[in-house]
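J.: My structure is stored as entry_35.cif, with mmCIF, C-alpha atoms.
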```cif
data_my_file
loop_
_atom_site.label_atom_id
_atom_site.label_comp_id
_atom_site.auth_asym_id
_atom_site.auth_seq_id
_atom_site.Cartn_x
_atom_site.Cartn_y
_atom_site.Cartn_z
CA MET A 1217 0.00 0.00 0.00
CA LEU A 1218 2.69 2.39 1.09
CA THR A 1219 4.95 1.28 -1.74
CA ASP A 1220 2.14 1.95 -4.19
CA MET A 1221 1.74 5.43 -2.87
CA ASN A 1222 5.46 6.13 -3.03
CA THR A 1223 5.60 4.96 -6.61
CA THR A 1224 2.71 7.19 -7.51
CA LEU A 1225 4.41 10.10 -5.80
CA GLU A 1226 7.65 9.51 -7.67
CA LEU A 1227 5.83 9.30 -10.95
CA THR A 1228 3.99 12.52 -10.26
CA GLU A 1229 7.15 14.32 -9.31
CA GLY A 1230 9.03 12.92 -12.28
CA ALA A 1231 6.34 14.18 -14.60
CA ALA A 1232 6.17 17.49 -12.81
CA SER A 1233 9.78 18.43 -13.41
CA ASN A 1234 9.27 18.30 -17.18
CA ASP A 1235 6.09 20.26 -17.08
CA PRO A 1236 6.76 23.96 -17.70
CA ASP A 1237 3.57 24.92 -15.90
CA THR A 1238 4.62 23.20 -12.69
CA GLY A 1239 8.23 24.22 -13.04
CA LEU A 1240 7.56 27.88 -13.68
CA ARG A 1241 5.00 28.12 -10.92
CA ALA A 1242 7.54 26.63 -8.54
CA VAL A 1243 10.08 29.26 -9.58
CA ALA A 1244 7.56 32.06 -9.08
CA ALA A 1245 6.55 30.74 -5.67
CA LEU A 1246 10.17 30.42 -4.66
CA ARG A 1247 10.81 34.00 -5.73
CA THR A 1248 7.89 35.29 -3.65
CA LEU A 1249 9.17 33.33 -0.69
CA THR A 1250 12.68 34.69 -1.20
CA ASP A 1251 11.40 38.26 -1.44
CA ARG A 1252 9.54 37.96 1.82
CA LEU A 1253 12.45 36.37 3.61
CA GLU A 1254 14.79 39.02 2.27
CA LEU A 1255 12.62 41.90 3.45
CA LEU A 1256 12.25 40.26 6.83
CA GLN A 1257 15.98 39.78 7.23
CA VAL A 1258 16.97 43.19 5.93
CA GLU A 1259 14.41 44.84 8.19
CA ASN A 1260 15.71 42.92 11.16
CA ALA A 1261 19.34 43.64 10.36
CA ARG A 1262 18.62 47.38 10.06
CA ARG A 1263 16.69 47.33 13.30
CA ILE A 1264 19.66 45.96 15.19
CA GLY A 1265 21.96 48.48 13.59
CA TRP A 1266 23.61 46.78 10.64
CA SER A 1267 24.86 49.09 7.90
CA TRP A 1268 23.64 48.84 4.32
CA GLN A 1269 27.14 47.78 3.36
CA GLU A 1270 27.14 44.88 5.81
CA ILE A 1271 23.74 43.72 4.61
CA ALA A 1272 24.72 44.07 0.94
CA SER A 1273 27.86 42.00 1.34
CA ARG A 1274 25.90 39.11 2.89
CA LEU A 1275 23.32 39.26 0.09
CA GLY A 1276 26.05 39.41 -2.52
CA VAL A 1277 24.82 42.63 -4.05
CA SER A 1278 26.08 46.20 -4.05
CA LYS A 1279 25.28 48.60 -1.25
CA GLN A 1280 23.42 50.80 -3.72
CA THR A 1281 21.21 47.94 -4.82
CA VAL A 1282 20.08 46.98 -1.36
CA HIS A 1283 19.72 50.61 -0.31
CA ARG A 1284 17.63 51.50 -3.34
CA LYS A 1285 15.42 48.49 -2.85
CA TYR A 1286 14.76 48.87 0.85
CA VAL A 1287 15.36 52.39 2.04
CA ARG A 1288 11.82 53.50 1.24
CA LEU A 1289 10.31 50.37 2.70
CA ILE A 1290 12.22 50.33 5.92
CA GLY A 1291 13.22 53.94 6.30
CA ARG A 1292 16.48 55.50 7.39
CA LYS A 1293 16.74 55.18 11.19
CA MET B 1026 -14.20 64.53 -12.93
CA SER B 1027 -14.76 61.92 -10.26
CA PRO B 1028 -17.25 62.73 -7.55
CA PRO B 1029 -15.61 63.16 -4.13
CA PHE B 1030 -16.11 60.60 -1.38
CA SER B 1031 -18.86 61.36 1.10
CA PRO B 1032 -18.24 61.51 4.85
CA ALA B 1033 -20.21 58.26 5.27
CA LEU B 1034 -17.97 56.51 2.76
CA ARG B 1035 -14.86 57.84 4.43
CA GLU B 1036 -16.08 56.67 7.80
CA THR B 1037 -16.78 53.24 6.29
CA VAL B 1038 -13.25 53.05 4.96
CA MET B 1039 -11.81 54.02 8.33
CA GLN B 1040 -13.95 51.34 9.92
CA ALA B 1041 -12.74 48.83 7.32
CA GLN B 1042 -9.20 49.72 8.31
CA ARG B 1043 -9.99 49.12 11.97
CA GLN B 1044 -11.52 45.77 11.06
CA ALA B 1045 -8.51 44.77 8.96
CA ARG B 1046 -6.17 45.69 11.76
CA GLY B 1047 -8.31 43.87 14.31
CA LEU B 1048 -8.05 40.73 12.18
CA GLY B 1049 -4.31 41.16 11.93
CA HIS B 1050 -4.40 41.82 8.19
CA GLY B 1051 -1.86 44.04 6.48
CA CYS B 1052 -4.13 45.53 3.84
CA ILE B 1053 -7.65 46.80 3.45
CA GLY B 1054 -9.41 44.45 1.07
CA GLY B 1055 -12.92 44.10 -0.30
CA GLU B 1056 -13.80 41.78 2.57
CA HIS B 1057 -13.03 44.50 5.11
CA LEU B 1058 -15.09 47.04 3.19
CA LEU B 1059 -17.95 44.54 3.17
CA LEU B 1060 -17.54 43.93 6.88
CA ALA B 1061 -17.53 47.65 7.61
CA LEU B 1062 -20.57 48.26 5.42
CA ALA B 1063 -22.50 45.40 7.01
CA GLY B 1064 -21.92 46.95 10.41
CA SER B 1065 -22.57 50.53 9.39
CA TRP B 1066 -25.56 52.69 10.25
CA THR B 1067 -26.00 53.65 6.63
CA PRO B 1068 -29.05 52.59 4.62
CA ALA B 1069 -26.70 50.33 2.65
CA GLY B 1070 -25.74 48.62 5.90
CA ALA B 1071 -29.38 48.13 6.79
CA ALA B 1072 -30.05 46.67 3.33
CA LEU B 1073 -27.14 44.26 3.70
CA ARG B 1074 -28.25 43.07 7.14
CA GLU B 1075 -31.81 42.68 5.92
CA GLN B 1076 -30.50 40.28 3.27
CA GLY B 1077 -28.61 38.27 5.88
CA VAL B 1078 -25.23 39.91 5.42
CA THR B 1079 -24.51 40.71 9.06
CA PRO B 1080 -21.11 41.68 10.45
CA ASP B 1081 -20.92 38.42 12.42
CA GLN B 1082 -21.63 36.36 9.33
CA VAL B 1083 -19.11 38.26 7.23
CA ARG B 1084 -16.46 37.99 9.91
CA ALA B 1085 -17.05 34.25 10.24
CA GLN B 1086 -16.64 33.84 6.49
CA ILE B 1087 -13.45 35.88 6.43
CA GLN B 1088 -12.01 33.72 9.15
CA ARG B 1089 -13.13 30.59 7.34
CA LEU B 1090 -11.56 31.74 4.07
CA LEU B 1091 -8.42 33.11 5.70
CA PRO B 1092 -7.83 31.05 8.81
CA GLY B 1093 -5.46 32.75 11.18
CA ALA B 1094 -3.67 36.03 11.01
CA SER B 1095 -0.51 34.39 9.80
CA ARG B 1096 -2.21 33.41 6.59
CA ALA B 1097 -4.23 36.53 6.34
CA ALA B 1098 -2.01 38.48 4.04
CA ARG B 1099 -1.53 35.69 1.55
CA ASP B 1100 -4.14 36.93 -0.80
CA ALA B 1101 -3.56 40.55 -0.15
CA GLY B 1102 -0.93 41.53 -2.66
CA PRO B 1103 -0.74 41.34 -6.42
CA ALA B 1104 2.11 38.93 -5.88
CA GLY B 1105 -0.62 36.74 -4.46
CA PRO B 1106 -0.26 33.96 -2.02
CA ILE B 1107 2.88 31.91 -1.76
CA ASP B 1108 2.03 28.82 -3.74
CA ALA B 1109 2.68 26.01 -1.27
CA GLU B 1110 1.83 23.33 -3.81
CA ALA B 1111 4.29 24.69 -6.34
CA LEU B 1112 7.01 24.81 -3.69
CA ALA B 1113 6.24 21.24 -2.70
CA THR B 1114 7.07 20.08 -6.23
CA ILE B 1115 10.66 21.20 -5.69
CA GLY B 1116 10.81 19.76 -2.22
CA ILE B 1117 10.14 22.87 -0.15
CA ASP B 1118 7.67 22.56 2.67
CA LEU B 1119 6.21 26.05 3.01
CA GLU B 1120 4.61 25.28 6.34
CA ALA B 1121 7.95 24.13 7.73
CA VAL B 1122 9.60 27.34 6.51
CA ARG B 1123 6.73 29.36 7.95
CA ALA B 1124 7.00 27.62 11.31
CA ARG B 1125 10.72 28.39 11.59
CA VAL B 1126 10.37 31.97 10.47
CA GLU B 1127 7.51 32.57 12.87
CA ARG B 1128 9.50 31.08 15.71
CA ALA B 1129 12.17 33.70 15.07
CA PHE B 1130 10.11 36.69 14.01
CA GLY B 1131 6.67 36.12 15.42
CA PRO B 1132 3.32 35.10 13.97
CA GLY B 1133 2.55 36.30 10.48
CA ALA B 1134 6.14 37.31 9.76
CA LEU B 1135 6.37 35.41 6.52
CA SER B 1136 2.98 36.54 5.38
CA TYR B 1137 3.97 40.13 5.58
CA PRO B 1138 2.79 41.33 2.22
CA VAL B 1139 5.89 42.69 0.65
CA ARG B 1140 4.42 44.15 -2.47
CA CYS B 1141 1.11 44.94 -0.98
CA SER B 1142 1.89 47.14 1.92
CA ARG B 1143 4.31 49.60 0.50
CA ARG B 1144 3.57 50.36 -3.06
CA PRO B 1145 3.06 54.08 -3.47
CA ALA B 1146 0.66 53.72 -6.40
CA TRP B 1147 -1.80 52.08 -4.11
CA ARG B 1148 -1.93 55.11 -1.98
CA ARG B 1149 -3.13 57.36 -4.70
CA ILE B 1150 -6.71 57.26 -3.58
CA ARG B 1151 -6.65 60.01 -1.07
CA LEU B 1152 -9.32 60.23 1.47
CA PRO B 1153 -9.10 63.31 3.62
CA GLY B 1154 -7.57 62.28 6.87
CA HIS B 1155 -6.35 59.12 5.23
CA ARG B 1156 -3.10 60.24 3.77
CA PRO B 1157 -0.30 58.00 4.84
CA SER B 1158 2.97 59.72 5.53
CA ARG B 1159 6.28 58.00 5.79
CA ARG B 1160 6.46 58.30 9.52
CA HIS B 1161 3.06 56.67 9.89
CA ARG B 1162 3.86 53.45 8.19
CA SER B 1163 4.25 51.27 11.21
CA ARG B 1164 1.83 48.40 11.32
CA SER B 1165 0.48 49.42 14.68
CA GLY B 1166 -0.53 52.99 14.29
CA GLY B 1167 -0.25 53.91 10.63
CA HIS B 1168 -2.63 53.65 7.74
CA LEU B 1169 -3.07 50.37 6.00
CA PRO B 1170 -2.89 50.38 2.21
CA PHE B 1171 -5.70 49.18 -0.01
CA THR B 1172 -5.47 46.01 -1.99
CA THR B 1173 -5.71 46.51 -5.75
CA ARG B 1174 -9.22 45.20 -5.64
CA ALA B 1175 -10.33 47.49 -2.84
CA LYS B 1176 -8.90 50.38 -4.79
CA GLN B 1177 -10.86 49.31 -7.85
CA MET B 1178 -13.96 49.14 -5.68
CA LEU B 1179 -13.49 52.75 -4.61
CA GLU B 1180 -13.11 53.76 -8.23
CA CYS B 1181 -16.15 51.72 -9.10
CA ALA B 1182 -18.09 53.50 -6.35
CA GLN B 1183 -17.24 56.77 -8.09
CA ARG B 1184 -18.48 55.39 -11.38
CA GLU B 1185 -21.72 54.27 -9.73
CA ALA B 1186 -22.13 57.74 -8.28
CA ARG B 1187 -21.49 59.36 -11.63
CA ALA B 1188 -23.95 57.03 -13.33
CA GLN B 1189 -26.57 58.11 -10.81
CA GLN B 1190 -25.57 61.72 -11.22
CA ALA B 1191 -24.83 61.95 -7.53
CA THR B 1192 -22.62 64.79 -6.31
CA THR B 1193 -20.62 62.55 -4.00
CA ALA B 1194 -19.71 58.88 -3.94
CA GLY B 1195 -21.42 57.53 -0.85
CA ALA B 1196 -21.57 54.36 1.18
CA ASP B 1197 -24.37 53.11 -1.06
CA HIS B 1198 -22.22 53.43 -4.17
CA LEU B 1199 -19.41 51.67 -2.37
CA ALA B 1200 -21.79 48.90 -1.34
CA LEU B 1201 -22.86 48.42 -4.96
CA ALA B 1202 -19.20 48.22 -5.96
CA VAL B 1203 -18.28 45.79 -3.21
CA ILE B 1204 -21.09 43.33 -3.93
CA ALA B 1205 -20.39 43.31 -7.67
CA THR B 1206 -19.41 39.77 -8.57
CA ASP B 1207 -17.40 40.66 -11.64
CA GLY B 1208 -14.50 42.02 -9.61
CA GLY B 1209 -13.55 38.67 -8.11
CA GLY B 1210 -11.81 38.44 -4.77
CA MET B 1211 -13.13 37.63 -1.36
CA ALA B 1212 -16.23 39.79 -1.14
CA PRO B 1213 -18.15 37.80 -3.80
CA ALA B 1214 -16.89 34.57 -2.25
CA ILE B 1215 -18.28 35.65 1.12
CA LEU B 1216 -21.62 36.61 -0.36
CA SER B 1217 -21.97 33.35 -2.27
CA ALA B 1218 -21.03 31.42 0.87
CA LEU B 1219 -23.84 33.26 2.64
CA GLY B 1220 -26.17 32.32 -0.19
CA VAL B 1221 -26.84 35.90 -1.21
CA ALA B 1222 -27.04 36.76 -4.89
CA GLU B 1223 -25.87 40.08 -6.25
CA ALA B 1224 -29.07 41.10 -8.04
CA PRO B 1225 -31.49 41.11 -5.06
CA LEU B 1226 -28.86 42.69 -2.87
CA ARG B 1227 -28.27 45.42 -5.41
CA ALA B 1228 -32.00 45.98 -5.70
CA ALA B 1229 -32.35 46.16 -1.91
CA ILE B 1230 -29.58 48.75 -1.65
CA LEU B 1231 -30.93 50.87 -4.50
CA ASP B 1232 -34.38 50.64 -2.97
CA ARG B 1233 -33.18 52.15 0.29
CA TYR B 1234 -31.76 55.12 -1.52
CA ARG B 1235 -34.53 55.73 -3.98
CA PRO B 1236 -35.86 59.21 -3.30
CA ALA B 1237 -39.45 59.15 -2.10
CA SER B 1238 -41.67 60.31 -4.91
#
```
Could the structure of this file be written out as structure tokens, please?
T.:
Amino acid sequence: MLTDMNTTLELTEGAASNDPDTGLRAVAALRTLTDRLELLQVENARRIGWSWQEIASRLGVSKQTVHRKYVRLIGRK
Amino acid sequence: MSPPFSPALRETVMQAQRQARGLGHGCIGGEHLLLALAGSWTPAGAALREQGVTPDQVRAQIQRLLPGASRAARDAGPAGPIDAEALATIGIDLEAVRARVERAFGPGALSYPVRCSRRPAWRRIRLPGHRPSRRHRSRSGGHLPFTTRAKQMLECAQREARAQQATTAGADHLALAVIATDGGGMAPAILSALGVAEAPLRAAILDRYRPAS
């Protein structure tokens, strides 16, 4: 019974990876998740006094990029 | 020229904001406008209650459709909900991520509607006394933004008012806009769950406002 279910699951997942609809929706969902996590982390880092430069280096982007993206959302402080 | 919003409409919107905040939601959506209208002392509110659309019923439906504050903001932004099913196909358990994030940052942290809460364009509908300034953007005391759909409802209320050659867009026009099923979103879902059709509701609202002749 359990084996049957596992097989079905594998088959579904195997098929899913080739399906652009599933694949693209997964990418979009992952991006939304990433965006929310990023805002949360940047907000928190700013709150405890991290500089834009420190945040940017962890995110692997330039200071300008992270500043431009978040300064209006989070505010200067 | 769009007709200005009436004091009754503005009060309804402020009430909708209080309701949204009370439910722990990050945006004012159609469901909050409906909730505020259903509880209002306007003729539109009376018409809604008469048809069975009471604040208690609406609130129960909102909570059924959006269980828990942590999930509340999922449908709020144009970015939409995080698609848990899609993430599952690549082996990510959204609920597990949510649980960890909430342990660190508190309930609802992950649901914080990134694109919804801060987009300046959404703030273009200016209600007097409802102009958010940068320093008032905290979630506790500031003004909540409208969802796209709620914004469209306010614009639709103005169109209704113009169609009726009214000088201001009032709570009744807003009510007609909110119950319209063509807009999609939660308000129609709530009404259909309550078994109320748009046409009789619309008629009941219009009836209350028809000038005595």
J.: Pick from A:Ser1273, A:Ser1267, A:Gln1280, A:Thr1248: nearest to chain B, with only C-alpha atoms counted?
T.: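 The closest residue to chain B is A:Thr1248.
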J.: Hey, list the chain B side of the contact with chain A: 6 Å cut-off, all atoms listed in the file, answer as a PyMOL selection string.
T.: chain B and resi 1107-1108+1111-1112
J.: Report as a list in words all protein, DNA and RNA residues lying within 8 Å of Leu1219 in chain B, evaluated on all atoms listed in the file, omitting residues in the same chain fewer than 6 positions from it.
T.: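 These residues fall inside the cut-off: Gly1077, Val1078 and Gln1082 of chain B.
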J.: Between B:Leu1090, B:Met1211, B:Leu1201, B:Leu1169, which residue has the minimum interatomic distance to Gln1040 in chain B, considering all atoms listed in the file?
T.: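 Residue with the minimum atom-to-atom distance to Gln1040 in chain B: B:Leu1169.
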J.: Kindly indicate which residue among A:Asn1234, A:Arg1274, A:Val1287, A:Lys1279 lies nearest to Glu1259 in chain A, using all atoms listed in the file for the distances.
T.: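 Ranking A:Asn1234, A:Arg1274, A:Val1287, A:Lys1279 by distance to Glu1259 in chain A, first place goes to A:Val1287.
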J.: At a cut-off of 7 Å, using only C-alpha atoms, what residues contact range 1068-1076 of chain B? Leave out same-chain residues fewer than 3 positions from it and give the result as a list in words.
T.: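 Everything that qualifies: Leu1062, Ala1063, Gly1064, Ser1065, Thr1079, Ala1196, Asp1197, Ala1200, Leu1226, Ala1229, Ile1230 and Arg1233 of chain B.
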J.: Suppose a student applies the PyMOL selection byres ((chain B and resi 1049-1055) around 6) to this structure; what residues should they get, written as an NGL selection string?
T.: :B and (1042 or 1045-1048 or 1056-1058 or 1094 or 1097-1098 or 1169-1172 or 1175 or 1212)
J.: Would you compute the distance between CA of Ala1109 in chain B and CA of Leu1135 in chain B? Give it in Å to one decimal.
T.: 12.8 Å
J.: Is it possible to get the residues within 12 Å of (-19.9, 64.5, -9.0) (coordinates as in the file, counting only C-alpha atoms) written as a PyMOL selection string?
T.: chain B and resi 1026-1031+1182-1195
J.: For Ala1033 in chain B, which of B:Ala1222, B:Leu1199, B:Leu1060, B:Ala1214 is the closest residue, counting all atoms listed in the file?
T.: B:Leu1199
J.: For CA of Thr1067 in chain B and CA of Tyr1234 in chain B, quote the distance in Å rounded to one decimal.
T.: 10.1 Å
J.: Find the distance between CA of Leu1216 in chain B and CA of Glu1110 in chain B and write it in Å to one decimal.
T.: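 One can read the CA of Leu1216 in chain B to CA of Glu1110 in chain B distance as 27.2 Å.
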J.: Can range 1188-1199 of chain B be brought up to all heavy atoms and written out as an mmCIF file, keeping the file's coordinate frame?
T.:
```
data_model
loop_
_atom_site.group_PDB
_atom_site.id
_atom_site.type_symbol
_atom_site.label_atom_id
_atom_site.label_comp_id
_atom_site.auth_asym_id
_atom_site.auth_seq_id
_atom_site.Cartn_x
_atom_site.Cartn_y
_atom_site.Cartn_z
ATOM 1 N N ALA B 1188 -22.841 57.570 -12.546
ATOM 2 C CA ALA B 1188 -23.950 57.030 -13.330
ATOM 3 C C ALA B 1188 -25.287 57.482 -12.756
ATOM 4 O O ALA B 1188 -26.254 57.670 -13.494
ATOM 5 C CB ALA B 1188 -23.872 55.506 -13.346
ATOM 6 N N GLN B 1189 -25.327 57.666 -11.450
ATOM 7 C CA GLN B 1189 -26.570 58.110 -10.810
ATOM 8 C C GLN B 1189 -26.640 59.629 -10.697
ATOM 9 O O GLN B 1189 -27.509 60.161 -10.012
ATOM 10 C CB GLN B 1189 -26.700 57.476 -9.417
ATOM 11 C CG GLN B 1189 -26.860 55.975 -9.454
ATOM 12 C CD GLN B 1189 -26.874 55.381 -8.056
ATOM 13 O OE1 GLN B 1189 -27.135 56.059 -7.082
ATOM 14 N NE2 GLN B 1189 -26.585 54.092 -7.965
ATOM 15 N N GLN B 1190 -25.664 60.268 -11.285
ATOM 16 C CA GLN B 1190 -25.570 61.720 -11.220
ATOM 17 C C GLN B 1190 -25.590 62.254 -9.789
ATOM 18 O O GLN B 1190 -26.203 63.278 -9.490
ATOM 19 C CB GLN B 1190 -26.685 62.363 -12.045
ATOM 20 C CG GLN B 1190 -26.287 62.493 -13.517
ATOM 21 C CD GLN B 1190 -27.436 62.224 -14.465
ATOM 22 O OE1 GLN B 1190 -28.585 62.440 -14.106
ATOM 23 N NE2 GLN B 1190 -27.134 61.758 -15.651
ATOM 24 N N ALA B 1191 -24.944 61.508 -8.922
ATOM 25 C CA ALA B 1191 -24.830 61.950 -7.530
ATOM 26 C C ALA B 1191 -23.642 62.899 -7.411
ATOM 27 O O ALA B 1191 -22.697 62.812 -8.191
ATOM 28 C CB ALA B 1191 -24.630 60.752 -6.625
ATOM 29 N N THR B 1192 -23.710 63.821 -6.456
ATOM 30 C CA THR B 1192 -22.620 64.790 -6.310
ATOM 31 C C THR B 1192 -21.440 64.207 -5.549
ATOM 32 O O THR B 1192 -20.318 64.661 -5.706
ATOM 33 C CB THR B 1192 -23.106 66.060 -5.587
ATOM 34 O OG1 THR B 1192 -23.760 65.655 -4.384
ATOM 35 C CG2 THR B 1192 -24.067 66.847 -6.455
ATOM 36 N N THR B 1193 -21.724 63.213 -4.701
ATOM 37 C CA THR B 1193 -20.620 62.550 -4.000
ATOM 38 C C THR B 1193 -20.789 61.040 -4.128
ATOM 39 O O THR B 1193 -21.880 60.541 -4.365
ATOM 40 C CB THR B 1193 -20.603 62.881 -2.484
ATOM 41 O OG1 THR B 1193 -21.855 62.455 -1.918
ATOM 42 C CG2 THR B 1193 -20.403 64.360 -2.230
ATOM 43 N N ALA B 1194 -19.670 60.342 -3.965
ATOM 44 C CA ALA B 1194 -19.710 58.880 -3.940
ATOM 45 C C ALA B 1194 -19.930 58.464 -2.492
ATOM 46 O O ALA B 1194 -19.093 58.729 -1.635
ATOM 47 C CB ALA B 1194 -18.415 58.301 -4.479
ATOM 48 N N GLY B 1195 -21.066 57.854 -2.228
ATOM 49 C CA GLY B 1195 -21.420 57.530 -0.850
ATOM 50 C C GLY B 1195 -21.261 56.064 -0.516
ATOM 51 O O GLY B 1195 -20.814 55.259 -1.339
ATOM 52 N N ALA B 1196 -21.661 55.744 0.714
ATOM 53 C CA ALA B 1196 -21.570 54.360 1.180
ATOM 54 C C ALA B 1196 -22.404 53.426 0.310
ATOM 55 O O ALA B 1196 -22.032 52.274 0.090
ATOM 56 C CB ALA B 1196 -22.021 54.274 2.638
ATOM 57 N N ASP B 1197 -23.523 53.953 -0.206
ATOM 58 C CA ASP B 1197 -24.370 53.110 -1.060
ATOM 59 C C ASP B 1197 -23.645 52.730 -2.346
ATOM 60 O O ASP B 1197 -23.705 51.602 -2.808
ATOM 61 C CB ASP B 1197 -25.691 53.816 -1.372
ATOM 62 C CG ASP B 1197 -25.497 55.239 -1.872
ATOM 63 O OD1 ASP B 1197 -24.476 55.855 -1.506
ATOM 64 O OD2 ASP B 1197 -26.360 55.732 -2.626
ATOM 65 N N HIS B 1198 -22.960 53.711 -2.926
ATOM 66 C CA HIS B 1198 -22.220 53.430 -4.170
ATOM 67 C C HIS B 1198 -21.085 52.436 -3.890
ATOM 68 O O HIS B 1198 -20.815 51.547 -4.700
ATOM 69 C CB HIS B 1198 -21.669 54.727 -4.767
ATOM 70 C CG HIS B 1198 -22.746 55.743 -5.017
ATOM 71 N ND1 HIS B 1198 -22.767 56.974 -4.400
ATOM 72 C CD2 HIS B 1198 -23.849 55.687 -5.789
ATOM 73 C CE1 HIS B 1198 -23.843 57.639 -4.797
ATOM 74 N NE2 HIS B 1198 -24.521 56.873 -5.640
ATOM 75 N N LEU B 1199 -20.474 52.608 -2.740
ATOM 76 C CA LEU B 1199 -19.410 51.670 -2.370
ATOM 77 C C LEU B 1199 -19.998 50.271 -2.193
ATOM 78 O O LEU B 1199 -19.416 49.287 -2.652
ATOM 79 C CB LEU B 1199 -18.723 52.122 -1.072
ATOM 80 C CG LEU B 1199 -17.573 51.219 -0.601
ATOM 81 C CD1 LEU B 1199 -16.442 51.205 -1.636
ATOM 82 C CD2 LEU B 1199 -17.032 51.682 0.740
#
```
